[in-house]
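Below: structure_26.cif (mmCIF, C-alpha atoms and all ligand atoms)
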data_run
loop_
_atom_site.group_PDB
_atom_site.id
_atom_site.type_symbol
_atom_site.label_atom_id
_atom_site.label_comp_id
_atom_site.auth_asym_id
_atom_site.auth_seq_id
_atom_site.Cartn_x
_atom_site.Cartn_y
_atom_site.Cartn_z
ATOM 1 C CA MET A 26 100.854 22.728 117.505
ATOM 2 C CA ILE A 27 99.159 19.691 119.062
ATOM 3 C CA ASN A 28 95.388 19.642 118.890
ATOM 4 C CA GLN A 29 93.907 19.346 122.423
ATOM 5 C CA HIS A 30 91.121 17.045 121.116
ATOM 6 C CA GLN A 31 93.678 14.601 119.711
ATOM 7 C CA THR A 32 95.740 14.377 122.893
ATOM 8 C CA THR A 33 92.843 13.692 125.251
ATOM 9 C CA LYS A 34 90.751 11.391 123.060
ATOM 10 C CA GLU A 35 90.878 7.668 123.862
ATOM 11 C CA PRO A 36 92.142 5.540 120.955
ATOM 12 C CA MET A 37 89.325 3.681 119.123
ATOM 13 C CA LYS A 38 89.175 -0.031 119.903
ATOM 14 C CA ILE A 39 88.419 -1.826 116.655
ATOM 15 C CA ALA A 40 87.424 -5.477 116.189
ATOM 16 C CA LEU A 41 89.141 -6.298 112.878
ATOM 17 C CA VAL A 42 87.397 -9.529 111.937
ATOM 18 C CA PHE A 43 88.273 -11.568 108.856
ATOM 19 C CA PHE A 44 87.328 -14.820 107.137
ATOM 20 C CA SER A 45 90.045 -16.158 104.836
ATOM 21 C CA PRO A 46 90.223 -19.817 103.793
ATOM 22 C CA THR A 47 93.158 -19.290 101.387
ATOM 23 C CA GLY A 48 94.933 -16.326 102.962
ATOM 24 C CA SER A 49 94.427 -13.283 100.706
ATOM 25 C CA THR A 50 91.844 -11.595 102.917
ATOM 26 C CA ALA A 51 94.055 -12.304 105.947
ATOM 27 C CA LEU A 52 96.981 -10.606 104.189
ATOM 28 C CA VAL A 53 94.950 -7.458 103.476
ATOM 29 C CA ALA A 54 93.569 -7.518 107.049
ATOM 30 C CA GLU A 55 97.115 -7.624 108.460
ATOM 31 C CA HIS A 56 98.100 -4.573 106.410
ATOM 32 C CA ILE A 57 94.974 -2.718 107.533
ATOM 33 C CA ARG A 58 95.807 -3.601 111.142
ATOM 34 C CA ASP A 59 99.290 -2.063 110.762
ATOM 35 C CA TYR A 60 97.917 1.103 109.118
ATOM 36 C CA LEU A 61 95.271 1.474 111.849
ATOM 37 C CA LEU A 62 98.018 1.360 114.485
ATOM 38 C CA ASP A 63 99.619 4.321 112.673
ATOM 39 C CA CYS A 64 96.261 6.118 113.088
ATOM 40 C CA ARG A 65 96.390 5.698 116.882
ATOM 41 C CA ALA A 66 93.591 3.121 116.768
ATOM 42 C CA VAL A 67 93.771 -0.148 118.699
ATOM 43 C CA PRO A 68 92.794 -2.940 116.315
ATOM 44 C CA THR A 69 92.330 -6.548 117.448
ATOM 45 C CA LEU A 70 92.656 -9.069 114.607
ATOM 46 C CA ILE A 71 90.005 -11.785 114.942
ATOM 47 C CA ASP A 72 90.123 -14.732 112.553
ATOM 48 C CA ILE A 73 86.661 -16.291 112.159
ATOM 49 C CA THR A 74 87.770 -18.763 109.461
ATOM 50 C CA PRO A 75 87.917 -21.779 111.817
ATOM 51 C CA MET A 76 84.434 -23.042 112.551
ATOM 52 C CA ALA A 77 85.120 -22.982 116.318
ATOM 53 C CA TYR A 78 85.485 -19.174 116.293
ATOM 54 C CA ARG A 79 82.038 -18.720 114.749
ATOM 55 C CA GLY A 80 80.401 -20.890 117.397
ATOM 56 C CA GLU A 81 79.698 -17.915 119.617
ATOM 57 C CA SER A 82 78.670 -14.473 118.502
ATOM 58 C CA LEU A 83 81.315 -11.752 118.860
ATOM 59 C CA ASP A 84 80.721 -9.650 121.978
ATOM 60 C CA MET A 85 81.051 -6.066 120.751
ATOM 61 C CA ALA A 86 81.071 -4.596 124.284
ATOM 62 C CA PRO A 87 84.910 -4.195 124.449
ATOM 63 C CA TYR A 88 85.034 -2.544 121.007
ATOM 64 C CA ASP A 89 84.035 0.858 119.621
ATOM 65 C CA ALA A 90 83.765 -0.314 116.015
ATOM 66 C CA LEU A 91 83.880 -3.319 113.689
ATOM 67 C CA ILE A 92 85.752 -3.915 110.432
ATOM 68 C CA LEU A 93 84.744 -7.093 108.603
ATOM 69 C CA GLY A 94 86.900 -8.471 105.762
ATOM 70 C CA VAL A 95 85.735 -11.381 103.613
ATOM 71 C CA PRO A 96 86.320 -12.889 100.173
ATOM 72 C CA VAL A 97 83.569 -12.528 97.583
ATOM 73 C CA HIS A 98 82.053 -15.962 97.035
ATOM 74 C CA SER A 99 79.587 -15.963 94.143
ATOM 75 C CA TRP A 100 78.852 -12.218 94.348
ATOM 76 C CA ARG A 101 78.260 -12.134 98.119
ATOM 77 C CA ALA A 102 79.979 -12.717 101.439
ATOM 78 C CA PRO A 103 80.390 -16.482 101.978
ATOM 79 C CA ARG A 104 77.264 -18.167 103.322
ATOM 80 C CA VAL A 105 78.811 -19.032 106.704
ATOM 81 C CA VAL A 106 79.785 -15.392 107.246
ATOM 82 C CA ARG A 107 76.300 -14.199 106.295
ATOM 83 C CA ASN A 108 74.913 -16.521 108.957
ATOM 84 C CA TRP A 109 77.491 -15.322 111.490
ATOM 85 C CA ILE A 110 76.602 -11.644 110.930
ATOM 86 C CA SER A 111 72.953 -12.281 111.745
ATOM 87 C CA GLY A 112 73.967 -13.259 115.317
ATOM 88 C CA LEU A 113 75.796 -9.962 116.018
ATOM 89 C CA CYS A 114 74.481 -7.078 118.087
ATOM 90 C CA GLY A 115 75.838 -3.776 116.745
ATOM 91 C CA ASP A 116 74.034 -1.513 119.195
ATOM 92 C CA GLY A 117 74.427 1.473 116.860
ATOM 93 C CA LYS A 118 78.228 1.125 116.633
ATOM 94 C CA PRO A 119 80.030 2.072 113.404
ATOM 95 C CA CYS A 120 81.309 -0.642 111.089
ATOM 96 C CA SER A 121 83.074 -1.033 107.756
ATOM 97 C CA THR A 122 83.494 -3.859 105.265
ATOM 98 C CA PHE A 123 86.229 -4.850 102.853
ATOM 99 C CA PHE A 124 86.262 -7.600 100.254
ATOM 100 C CA THR A 125 88.902 -9.467 98.309
ATOM 101 C CA TYR A 126 87.808 -10.851 94.944
ATOM 102 C CA GLY A 127 89.294 -12.744 92.022
ATOM 103 C CA GLY A 128 88.777 -10.207 89.232
ATOM 104 C CA PHE A 129 85.243 -11.105 88.220
ATOM 105 C CA GLN A 130 81.891 -9.835 89.449
ATOM 106 C CA ILE A 131 81.715 -8.424 92.962
ATOM 107 C CA HIS A 132 78.260 -6.886 93.227
ATOM 108 C CA PRO A 133 75.979 -7.067 95.165
ATOM 109 C CA ALA A 134 78.513 -8.055 97.903
ATOM 110 C CA HIS A 135 78.871 -4.500 99.305
ATOM 111 C CA HIS A 136 75.138 -3.876 99.268
ATOM 112 C CA SER A 137 73.994 -7.213 100.682
ATOM 113 C CA THR A 138 76.618 -7.310 103.470
ATOM 114 C CA ARG A 139 75.761 -3.729 104.443
ATOM 115 C CA THR A 140 72.100 -4.721 104.706
ATOM 116 C CA LEU A 141 72.962 -7.679 106.947
ATOM 117 C CA LEU A 142 75.172 -5.526 109.214
ATOM 118 C CA GLU A 143 72.588 -2.753 109.432
ATOM 119 C CA ASN A 144 69.919 -5.327 110.291
ATOM 120 C CA ALA A 145 72.258 -6.455 113.099
ATOM 121 C CA GLY A 146 72.321 -2.894 114.466
ATOM 122 C CA PHE A 147 75.549 -1.477 112.969
ATOM 123 C CA ARG A 148 76.023 1.793 111.069
ATOM 124 C CA LEU A 149 78.206 1.285 107.982
ATOM 125 C CA VAL A 150 80.673 4.134 107.366
ATOM 126 C CA SER A 151 82.792 2.805 104.480
ATOM 127 C CA SER A 152 83.654 -0.222 102.342
ATOM 128 C CA ALA A 153 86.479 -1.302 100.064
ATOM 129 C CA GLU A 154 87.424 -3.995 97.553
ATOM 130 C CA PHE A 155 90.835 -5.493 96.758
ATOM 131 C CA PRO A 156 91.673 -7.732 93.780
ATOM 132 C CA ALA A 157 93.385 -10.951 94.886
ATOM 133 C CA SER A 158 94.523 -14.187 93.333
ATOM 134 C CA HIS A 159 91.365 -16.177 92.485
ATOM 135 C CA THR A 160 90.918 -19.275 94.618
ATOM 136 C CA PHE A 161 90.304 -21.326 91.478
ATOM 137 C CA ASN A 162 93.888 -20.571 90.377
ATOM 138 C CA LEU A 163 94.569 -23.623 92.561
ATOM 139 C CA GLY A 164 92.839 -25.572 89.799
ATOM 140 C CA GLY A 165 94.476 -23.885 86.798
ATOM 141 C CA TRP A 166 92.787 -20.461 86.470
ATOM 142 C CA LYS A 167 95.065 -17.446 85.996
ATOM 143 C CA ALA A 168 92.933 -14.691 87.468
ATOM 144 C CA MET A 169 94.586 -11.841 89.369
ATOM 145 C CA GLU A 170 97.800 -13.748 89.942
ATOM 146 C CA ASN A 171 100.282 -11.857 92.174
ATOM 147 C CA ARG A 172 97.571 -9.670 93.708
ATOM 148 C CA PRO A 173 97.189 -8.018 96.109
ATOM 149 C CA ASP A 174 100.372 -6.028 95.483
ATOM 150 C CA GLU A 175 101.872 -2.735 96.647
ATOM 151 C CA SER A 176 99.276 -0.717 94.715
ATOM 152 C CA ASP A 177 96.519 -2.536 96.605
ATOM 153 C CA PHE A 178 98.248 -2.033 99.960
ATOM 154 C CA ALA A 179 98.494 1.721 99.231
ATOM 155 C CA VAL A 180 94.691 1.761 98.893
ATOM 156 C CA ALA A 181 94.416 -0.312 102.090
ATOM 157 C CA LYS A 182 96.410 2.425 103.870
ATOM 158 C CA GLU A 183 94.089 5.160 102.616
ATOM 159 C CA TYR A 184 91.078 3.009 103.561
ATOM 160 C CA ALA A 185 92.398 2.554 107.137
ATOM 161 C CA GLU A 186 93.090 6.280 107.540
ATOM 162 C CA LYS A 187 89.728 7.426 106.198
ATOM 163 C CA THR A 188 87.761 4.737 108.016
ATOM 164 C CA SER A 189 89.373 5.541 111.378
ATOM 165 C CA CYS A 190 88.380 9.208 110.888
ATOM 166 C CA ARG A 191 84.811 8.103 110.272
ATOM 167 C CA PHE A 192 84.862 5.799 113.296
ATOM 168 C CA SER A 193 86.120 8.571 115.581
ATOM 169 C CA GLY A 194 83.486 11.021 114.324
ATOM 170 C CA GLU A 195 86.146 13.397 112.965
ATOM 171 C CA ASP A 196 84.513 12.823 109.579
ATOM 172 C CA ARG A 197 80.760 12.457 109.917
ATOM 173 C CA ASN A 198 79.926 11.704 106.268
ATOM 174 C CA LEU A 199 78.467 8.367 105.228
ATOM 175 C CA PRO A 200 78.750 6.465 101.937
ATOM 176 C CA GLY A 201 75.867 6.674 99.456
ATOM 177 C CA PRO A 202 73.941 3.593 98.390
ATOM 178 C CA PHE A 203 75.945 0.685 96.982
ATOM 179 C CA GLU A 204 75.119 -1.043 93.722
ATOM 180 C CA PRO A 205 72.012 -3.070 94.561
ATOM 181 C CA THR A 206 70.677 -6.056 92.652
ATOM 182 C CA THR A 207 67.376 -6.767 91.049
ATOM 183 C CA HIS A 208 68.025 -10.493 91.520
ATOM 184 C CA THR A 209 66.063 -12.451 94.075
ATOM 185 C CA GLU A 210 67.776 -14.228 96.971
ATOM 186 C CA ALA A 211 66.752 -17.496 95.265
ATOM 187 C CA PHE A 212 68.654 -16.474 92.119
ATOM 188 C CA LEU A 213 71.727 -15.496 94.167
ATOM 189 C CA ASP A 214 71.535 -18.863 95.937
ATOM 190 C CA GLU A 215 71.457 -20.493 92.497
ATOM 191 C CA ILE A 216 74.584 -18.519 91.467
ATOM 192 C CA GLU A 217 76.215 -19.820 94.630
ATOM 193 C CA MET A 218 75.555 -23.382 93.482
ATOM 194 C CA PHE A 219 77.158 -22.576 90.125
ATOM 195 C CA ARG A 220 80.604 -23.046 91.683
ATOM 196 C CA PHE A 221 79.833 -26.735 91.905
ATOM 197 C CA ARG A 222 79.192 -26.813 88.188
ATOM 198 C CA ILE A 223 82.544 -25.100 87.584
ATOM 199 C CA LEU A 224 84.342 -27.489 89.887
ATOM 200 C CA SER A 225 82.334 -30.490 88.618
ATOM 201 C CA SER A 226 83.373 -32.337 91.772
ATOM 202 C CA LEU A 227 84.266 -31.252 95.298
ATOM 203 C CA PRO A 228 87.798 -31.364 96.708
ATOM 204 C CA ALA A 229 88.673 -34.963 97.515
ATOM 205 C CA ARG A 230 91.691 -37.111 98.383
ATOM 206 C CA LYS A 231 93.084 -38.655 95.236
ATOM 207 C CA ALA A 232 96.718 -39.328 96.113
ATOM 208 C CA LYS A 233 97.732 -42.467 98.018
ATOM 209 C CA SER A 234 100.394 -40.560 99.997
ATOM 210 C CA CYS A 235 97.934 -39.331 102.653
ATOM 211 C CA SER A 236 99.228 -39.891 106.219
ATOM 212 C CA LEU A 237 95.811 -39.098 107.733
ATOM 213 C CA CYS A 238 97.248 -36.099 109.593
ATOM 214 C CA GLY A 239 93.720 -34.681 109.760
ATOM 215 C CA ILE A 240 94.654 -31.073 108.878
ATOM 216 C CA CYS A 241 92.010 -30.992 106.124
ATOM 217 C CA GLN A 242 89.280 -31.774 108.635
ATOM 218 C CA GLU A 243 90.728 -29.519 111.325
ATOM 219 C CA ILE A 244 90.930 -26.404 109.168
ATOM 220 C CA CYS A 245 87.722 -26.884 107.140
ATOM 221 C CA PRO A 246 85.732 -23.689 107.896
ATOM 222 C CA THR A 247 82.381 -25.455 107.618
ATOM 223 C CA GLY A 248 83.111 -28.888 109.077
ATOM 224 C CA ALA A 249 82.475 -30.391 105.633
ATOM 225 C CA PHE A 250 85.681 -32.365 105.148
ATOM 226 C CA ASP A 251 86.000 -35.864 106.585
ATOM 227 C CA ALA A 252 89.672 -36.889 106.765
ATOM 228 C CA GLN A 253 88.901 -40.600 107.059
ATOM 229 C CA ARG A 254 86.695 -40.620 103.965
ATOM 230 C CA GLY A 255 88.944 -38.125 102.170
ATOM 231 C CA ALA A 256 85.856 -36.305 100.920
ATOM 232 C CA ALA A 257 83.662 -33.296 101.626
ATOM 233 C CA SER A 258 79.958 -33.211 102.339
ATOM 234 C CA ALA A 259 78.181 -31.542 99.399
ATOM 235 C CA ASP A 260 75.661 -29.906 101.738
ATOM 236 C CA MET A 261 78.289 -28.242 103.906
ATOM 237 C CA CYS A 262 81.252 -27.596 101.576
ATOM 238 C CA ILE A 263 81.513 -23.983 100.349
ATOM 239 C CA ALA A 264 84.291 -24.859 97.861
ATOM 240 C CA CYS A 265 86.726 -22.447 99.545
ATOM 241 C CA LEU A 266 89.600 -24.885 98.754
ATOM 242 C CA GLY A 267 91.325 -24.286 102.084
ATOM 243 C CA CYS A 268 91.796 -28.067 102.432
ATOM 244 C CA LEU A 269 93.514 -28.293 99.067
ATOM 245 C CA LEU A 270 95.885 -25.423 99.875
ATOM 246 C CA ARG A 271 96.770 -26.595 103.377
ATOM 247 C CA CYS A 272 97.242 -30.332 102.742
ATOM 248 C CA PRO A 273 100.972 -30.893 103.505
ATOM 249 C CA GLU A 274 101.086 -33.902 101.157
ATOM 250 C CA GLN A 275 99.145 -32.334 98.253
ATOM 251 C CA ALA A 276 96.859 -35.359 98.515
ATOM 252 C CA ILE A 277 93.647 -33.346 97.962
ATOM 253 C CA THR A 278 92.734 -32.341 94.443
ATOM 254 C CA ILE A 279 90.012 -30.865 92.265
ATOM 255 C CA PRO A 280 89.595 -31.344 88.510
ATOM 256 C CA ASP A 281 91.699 -29.265 86.090
ATOM 257 C CA LEU A 282 89.790 -25.984 85.694
ATOM 258 C CA SER A 283 91.828 -24.461 82.808
ATOM 259 C CA GLU A 284 89.042 -24.909 80.283
ATOM 260 C CA SER A 285 86.432 -23.379 82.533
ATOM 261 C CA PHE A 286 88.677 -20.307 82.931
ATOM 262 C CA ALA A 287 88.698 -19.702 79.180
ATOM 263 C CA PHE A 288 84.935 -20.157 79.174
ATOM 264 C CA LYS A 289 84.480 -17.756 82.101
ATOM 265 C CA LEU A 290 86.646 -15.035 80.491
ATOM 266 C CA LYS A 291 84.655 -15.346 77.275
ATOM 267 C CA ALA A 292 81.348 -15.215 79.140
ATOM 268 C CA GLU A 293 82.473 -12.033 80.922
ATOM 269 C CA GLY A 294 83.854 -10.520 77.663
ATOM 270 C CA MET A 295 87.231 -10.009 79.351
ATOM 271 C CA THR A 296 90.904 -10.768 78.679
ATOM 272 C CA ILE A 297 93.530 -11.520 81.341
ATOM 273 C CA ASP A 298 95.231 -8.181 80.536
ATOM 274 C CA GLN A 299 91.989 -6.251 80.994
ATOM 275 C CA MET A 300 91.385 -8.044 84.248
ATOM 276 C CA GLN A 301 94.841 -7.100 85.552
ATOM 277 C CA THR A 302 93.988 -3.396 85.166
ATOM 278 C CA LYS A 303 91.347 -3.691 87.906
ATOM 279 C CA GLU A 304 92.284 -1.608 90.918
ATOM 280 C CA SER A 305 91.449 -1.628 94.590
ATOM 281 C CA ARG A 306 88.671 0.778 95.398
ATOM 282 C CA ILE A 307 87.218 2.541 98.443
ATOM 283 C CA TYR A 308 83.482 3.269 98.734
ATOM 284 C CA PHE A 309 83.354 6.327 100.859
HETATM 285 C C1 LIG B 401 83.369 -20.503 95.900
HETATM 286 C C2 LIG B 401 84.062 -19.274 95.427
HETATM 287 C C3 LIG B 401 83.354 -18.289 94.748
HETATM 288 C C4 LIG B 401 84.000 -17.131 94.295
HETATM 289 N N1 LIG B 401 83.278 -16.173 93.657
HETATM 290 C C5 LIG B 401 83.883 -15.075 93.184
HETATM 291 C C6 LIG B 401 83.128 -14.063 92.505
HETATM 292 O O1 LIG B 401 81.901 -14.113 92.412
HETATM 293 N N2 LIG B 401 83.816 -13.022 91.967
HETATM 294 C C7 LIG B 401 85.176 -12.916 92.070
HETATM 295 O O2 LIG B 401 85.741 -11.991 91.511
HETATM 296 N N3 LIG B 401 85.899 -13.823 92.763
HETATM 297 C C8 LIG B 401 85.287 -14.891 93.333
HETATM 298 N N4 LIG B 401 86.014 -15.828 94.041
HETATM 299 C C9 LIG B 401 87.458 -15.574 94.308
HETATM 300 C C10 LIG B 401 87.727 -15.076 95.733
HETATM 301 O O3 LIG B 401 86.864 -14.015 96.059
HETATM 302 C C11 LIG B 401 89.169 -14.575 95.897
HETATM 303 O O4 LIG B 401 90.084 -15.470 95.403
HETATM 304 C C12 LIG B 401 89.457 -14.232 97.359
HETATM 305 O O5 LIG B 401 90.541 -13.339 97.410
HETATM 306 C C13 LIG B 401 89.803 -15.453 98.213
HETATM 307 O O6 LIG B 401 90.034 -15.018 99.535
HETATM 308 P P1 LIG B 401 90.860 -15.850 100.616
HETATM 309 O O7 LIG B 401 92.213 -16.129 100.031
HETATM 310 O O8 LIG B 401 90.924 -14.943 101.788
HETATM 311 O O9 LIG B 401 90.091 -17.107 100.870
HETATM 312 C C14 LIG B 401 85.394 -16.960 94.523
HETATM 313 C C15 LIG B 401 86.113 -17.951 95.213
HETATM 314 C C16 LIG B 401 85.451 -19.100 95.668
HETATM 315 C C17 LIG B 401 86.228 -20.120 96.424
#

Could you show the structure in this file as structure tokens?
Amino acid sequence: MINQHQTTKEPMKIALVFFSPTGSTALVAEHIRDYLLDCRAVPTLIDITPMAYRGESLDMAPYDALILGVPVHSWRAPRVVRNWISGLCGDGKPCSTFFTYGGFQIHPAHHSTRTLLENAGFRLVSSAEFPASHTFNLGGWKAMENRPDESDFAVAKEYAEKTSCRFSGEDRNLPGPFEPTTHTEAFLDEIEMFRFRILSSLPARKAKSCSLCGICQEICPTGAFDAQRGAASADMCIACLGCLLRCPEQAITIPDLSESFAFKLKAEGMTIDQMQTKESRIYF
């Protein structure tokens, strides 16, 4: 028998916003979009990776709810996304977050992003995390290769179903507190700078084969890369490596990071096999 409530209720309009310099978060977002459609929701995928799309704040008026998907960069949402969130006006609307991460530390990303969204007037109803190939694999790391996979997409399906029930009010529960941090913002900012020590130098043009197509500059999410100079501004670059991945001539490089991967695994007391057992998870 068809439930009267279900037949008359308007489908939820969801702004499904993602930031994804190297594509993994976009891939998960696309799966979530498809699963939300199965839940009778109306998701609109909004890619805020290009700098131009973060120029103006997102107008939430046409939407009933927000889902925000971002990669973990040094334990938090990337700096440019944190800044973007502070310009939003949630007006009490429900929201959810999901993160992709490269198999290492993820906290306090859930907690700190929730705080930012709640400060912007949203009500967080769920969160999720999905292991994904680490960006630094582009420099020789071997973290979470071939993820996300079907097991992760199965969790993405469950996340979409449960989150849409929370958005519609069918399920009125809320998640408990997320793992906080005792670290200061200054310490977290310092961790963020650590990526530069791992990279030892920023992405730069090394090959002579560059045709100056300008894609590196065009797609740089922070406006840091200068195609003419073939180099990134240290103040603006967030080391997302989008330029390196998208360069059609493979003219942009970073140093070989293989040694730093071994060091990182040792520092975390982890093996590649142990890392591969990490699973996607919903915080509900
Ligand atoms: C600058 C930087 C910092 C990162 N920090 C972390 C981290 O703290 N923990 C982690 O597990 N992965 C970390 N990663 C890996 C990314 O979270 C992961 O590869 C993500 O899926 C990339 O998403 P994208 O393909 O959508 O850009 C970092 C990647 C970059 C570029």

Any chance you could tabulate, as CSV, the residues of segment 30-111 of chain A at most 10 Å from segment 186-202 of chain A with each one's nearest atom pair and distance in Å to one decimal, using all atoms listed in the file, in chain and rising number order?
residue,atom,partner,partner_atom,distance
A:Lys34,CA,A:Ser193,CA,9.2
A:Glu35,CA,A:Ser193,CA,9.6
A:Pro36,CA,A:Ser193,CA,8.6
A:Met37,CA,A:Ser193,CA,6.8
A:Lys38,CA,A:Phe192,CA,9.8
A:Ile39,CA,A:Phe192,CA,9.1
A:Ile57,CA,A:Glu186,CA,9.2
A:Tyr60,CA,A:Glu186,CA,7.3
A:Leu61,CA,A:Glu186,CA,6.8
A:Leu62,CA,A:Glu186,CA,9.8
A:Asp63,CA,A:Glu186,CA,8.5
A:Cys64,CA,A:Glu186,CA,6.4
A:Arg65,CA,A:Ser189,CA,8.9
A:Ala66,CA,A:Ser189,CA,7.3
A:Asp89,CA,A:Phe192,CA,8.1
A:Ala90,CA,A:Phe192,CA,6.8
A:Leu91,CA,A:Phe192,CA,9.2
A:Ile92,CA,A:Thr188,CA,9.2

Between A:Ala102, A:Cys241, A:Leu270, A:Ile131, which is the closest to ligand LIG 401 (chain B) once you count all atoms listed in the file?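 Looking at the shortest contact to ligand LIG 401 (chain B), the residue is A:Ile131.
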
Which residues of segment 264-305 of chain A sit at most 12 Å from segment 119-128 of chain A, using only C-alpha atoms? Give each one's shortest atom pair and distance in Å (one decimal place), in chain and ascending residue order, as a Markdown table.
| residue | atom | partner | partner_atom | distance |
| --- | --- | --- | --- | --- |
| A:Phe286 | CA | A:Gly127 | CA | 11.8 |
| A:Lys289 | CA | A:Gly128 | CA | 11.2 |
| A:Leu290 | CA | A:Gly128 | CA | 10.2 |
| A:Glu293 | CA | A:Gly128 | CA | 10.6 |
| A:Met295 | CA | A:Gly128 | CA | 10.0 |
| A:Thr296 | CA | A:Gly128 | CA | 10.8 |
| A:Ile297 | CA | A:Gly128 | CA | 9.3 |
| A:Asp298 | CA | A:Gly128 | CA | 11.0 |
| A:Gln299 | CA | A:Gly128 | CA | 9.7 |
| A:Met300 | CA | A:Gly128 | CA | 6.0 |
| A:Gln301 | CA | A:Gly128 | CA | 7.7 |
| A:Thr302 | CA | A:Gly128 | CA | 9.5 |
| A:Lys303 | CA | A:Gly128 | CA | 7.1 |
| A:Glu304 | CA | A:Gly128 | CA | 9.4 |
| A:Ser305 | CA | A:Thr125 | CA | 9.0 |

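Relative to atom CA of Ser258 of chain A, atom CA of Ser285 of chain A is found at 23.0 Å.
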
Do you know which residues the PyMOL selection byres (((chain A and resi 227) around 8) and not hetatm) returns on this file, as a list in words?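 Applied to this file, the PyMOL selection byres (((chain A and resi 227) around 8) and not hetatm) returns Phe221, Leu224, Ser225, Ser226, Pro228, Ala229, Ala256, Ala257, Ala259, Cys262, Ala264 and Ile279 of chain A.
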
When you draw a straight line from atom CA of Arg306 of chain A to atom CA of Thr140 of chain A, how long is it in Å? 19.8 Å

For Met76 of chain A, find every residue with an atom within 9 Å (counting all atoms listed in the file), except residues of its own chain fewer than 4 positions away, and show them as a VMD selection string. chain A and resid 80 244 to 248

Just write the chosen residues, C-alpha atoms, as an mmCIF file, in the coordinates of the input.
data_model
loop_
_atom_site.group_PDB
_atom_site.id
_atom_site.type_symbol
_atom_site.label_atom_id
_atom_site.label_comp_id
_atom_site.auth_asym_id
_atom_site.auth_seq_id
_atom_site.Cartn_x
_atom_site.Cartn_y
_atom_site.Cartn_z
ATOM 1 C CA GLY A 80 80.401 -20.890 117.397
ATOM 2 C CA ILE A 244 90.930 -26.404 109.168
ATOM 3 C CA CYS A 245 87.722 -26.884 107.140
ATOM 4 C CA PRO A 246 85.732 -23.689 107.896
ATOM 5 C CA THR A 247 82.381 -25.455 107.618
ATOM 6 C CA GLY A 248 83.111 -28.888 109.077
#

Contacts of ligand LIG 401 (chain B), 7 Å or closer, all atoms listed in the file, given as a VMD selection string: chain A and resid 44 to 51 95 to 100 125 to 131 156 to 161 220 263 to 266

Between atom CA of Glu243 of chain A and atom CA of Arg101 of chain A, distance in Å (one decimal):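 Rounded to one decimal, the two atoms are 25.1 Å apart.
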
Please identify all polymer residues within 8 Å of segment 230-232 of chain A, counting only C-alpha atoms, omitting same-chain residues fewer than 5 positions from it, and present them as a count of residues only. 6

Non-local contacts of segment 54-56 of chain A (8 Å; only C-alpha atoms; under 5 positions in same chain excluded) as number ranges by chain: A: 41, 43, 70, 94, 178, 181-182

Selection result of the PyMOL selection byres (((chain A and resi 144) around 12) and not hetatm) on this file, as a ChimeraX atom specification: /A:107,110-117,137-143,145-149

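Shortest atom-to-atom contact with Ala185 of chain A among A:Leu163, A:Ala153, A:Met85, A:Asn171: A:Ala153, counting all atoms listed in the file.
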
Enclose all atoms of segment 153-169 of chain A listed in the file in an axis-aligned box, grow every side by 5 Å, and hand back centre and edge lengths in Å to one decimal, as lines of an AutoDock Vina configuration file.
center_x = 90.8
center_y = -13.4
center_z = 93.0
size_x = 18.6
size_y = 34.3
size_z = 24.1

Selection result for the PyMOL selection byres (((chain A and resi 166) around 7) and not hetatm) on this file, as a VMD selection string: chain A and resid 161 to 162 164 to 165 167 to 168 282 to 283 286

Distance criterion (only C-alpha atoms): nearest to Lys233 of chain A out of A:Glu274, A:Pro173, A:Gly294, A:Leu83: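 Under the stated criterion, the closest residue is A:Glu274.
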
Using only C-alpha atoms, pick whichever of A:Val150, A:Ile307, A:Ala211, A:Val67 has the shortest atom-to-atom distance to Lys118 of chain A.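 Nearest to Lys118 of chain A: A:Val150.
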